[in-house]
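K.L.:
Handing you a structure now.
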Amino acid sequence: MPHSISARKRVRQNEKRRENNKAVKSTVRTQVKKVRAAITAGDTAKAEQALKAATKKLDKAARANVIHQNQASRRKARLQQAVNKLKAEKPAAPPAPPPAAPPA
């Protein structure tokens with residue numbers, strides 16, 4: 001139990017910050033899960049869209065010092081790598097066959 005007024009205030013601040021950090025980390029985890037789910041499903045478009053949202057959340061969390069900047073960069077790089085691998089495995093659309101020549 002804190003004795004001084006400043007120590008009591010510090011406890012209140014820490015509790016408030018802990019709750020806020022917990023919420024931010026939760027949203028980051030949710031976004032990362034959405035990217036991983038889209039990759040597992042093999043949906044390239046959805047994975048790219050989810051990656052963009054996850055990148056935004058990771059950068060925002062790093063700016064607020066909820067997670068370290070290097071951790072955000074590492075997680076973004078790994079997600080991007082997984083999406084790139086998915087794109088390499090699944091081309092966007094197969095090329096159209098050439099038109100058939102009329103019989104001569």
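Following the order of the structure tokens, first chain is A, next is B, and so on, with residues numbered from 1 inside each chain and ligands from 1 in the order they appear.
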Using only C-alpha atoms, what table do you get, as a Markdown table, when you list each residue of stretch 44-66 of chain A with an atom no more than 12 Å from stretch 4-28 of chain A, its nearest pair of atoms, and their distance in Å rounded to one decimal, rows by chain then rising number?
P.N.:
```
| residue | atom | partner | partner_atom | distance |
| --- | --- | --- | --- | --- |
| A:Ala50 | CA | A:Val28 | CA | 11.3 |
| A:Leu51 | CA | A:Val28 | CA | 11.2 |
| A:Ala53 | CA | A:Val28 | CA | 9.3 |
| A:Ala54 | CA | A:Val28 | CA | 6.6 |
| A:Thr55 | CA | A:Val28 | CA | 9.0 |
| A:Lys56 | CA | A:Val28 | CA | 9.2 |
| A:Lys57 | CA | A:Val28 | CA | 5.8 |
| A:Leu58 | CA | A:Val28 | CA | 6.2 |
| A:Asp59 | CA | A:Val28 | CA | 9.7 |
| A:Lys60 | CA | A:Val24 | CA | 9.0 |
| A:Ala61 | CA | A:Val24 | CA | 6.7 |
| A:Ala62 | CA | A:Val24 | CA | 10.2 |
| A:Arg63 | CA | A:Val24 | CA | 11.6 |
| A:Ala64 | CA | A:Asn21 | CA | 9.0 |
| A:Asn65 | CA | A:Asn21 | CA | 9.0 |
| A:Val66 | CA | A:Asn21 | CA | 5.8 |
```
K.L.:
Which residues of stretch 11-66 of chain A come within 9 Å of stretch 83-88 of chain A, and for each one, what is the closest pair of atoms and their distance in Å to one decimal, counting only C-alpha atoms, sorted by chain and residue number, as a tab-separated table?
P.N.:
```
residue	atom	partner	partner_atom	distance
A:Val35	CA	A:Val83	CA	8.4
A:Arg36	CA	A:Val83	CA	8.9
A:Ile39	CA	A:Val83	CA	6.6
A:Gly42	CA	A:Leu86	CA	6.9
A:Asp43	CA	A:Leu86	CA	8.4
A:Thr44	CA	A:Lys87	CA	6.3
A:Ala47	CA	A:Val83	CA	6.6
A:Glu48	CA	A:Val83	CA	6.9
A:Leu51	CA	A:Val83	CA	8.1
```
K.L.:
What would the file look like if the residues just selected were written as a PDB file, in the first residue's frame with C-alpha atoms?
P.N.:
```
ATOM      1  CA  VAL A  35      -3.672 -11.901 -41.496  1.00  0.00           C
ATOM      2  CA  ARG A  36      -2.651 -15.422 -40.473  1.00  0.00           C
ATOM      3  CA  ILE A  39      -2.952 -16.764 -45.316  1.00  0.00           C
ATOM      4  CA  GLY A  42      -5.191 -18.983 -49.169  1.00  0.00           C
ATOM      5  CA  ASP A  43      -7.028 -15.697 -49.799  1.00  0.00           C
ATOM      6  CA  THR A  44      -4.378 -13.342 -51.203  1.00  0.00           C
ATOM      7  CA  ALA A  47      -4.413 -11.277 -46.603  1.00  0.00           C
ATOM      8  CA  GLU A  48      -3.052  -8.108 -48.213  1.00  0.00           C
ATOM      9  CA  LEU A  51      -1.730  -6.966 -43.574  1.00  0.00           C
TER      10      LEU A  51
END
```
K.L.:
What gap, in Å, lies between atom CA of A:His68 and atom CA of A:Ala37?
P.N.:
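Between these atoms lies a distance of 24.5 Å.
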K.L.:
When DSSP is applied to the backbone of this structure, which of chain A are assigned helix (DSSP H, G or I)? Write them out as a PyMOL selection string.
P.N.:
chain A and resi 5-41+44-63+69-89
K.L.:
Under the rule that only C-alpha atoms are counted, which of A:Pro2, A:Ala38, A:Gln31, A:Ala101 is the nearest residue to A:Ala82?
P.N.:
A:Ala38
K.L.:
Could you state the separation of atom CA of A:Gln69 and atom CA of A:Gln49 in Å, given to one decimal place?
P.N.:
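Between atom CA of A:Gln69 and atom CA of A:Gln49 the gap is 22.1 Å.
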K.L.:
So the first atom is atom CA of A:Lys33 and the second is atom CA of A:Lys90; what is the distance between them in Å, to one decimal place?
P.N.:
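Interatomic distance here is 20.7 Å.
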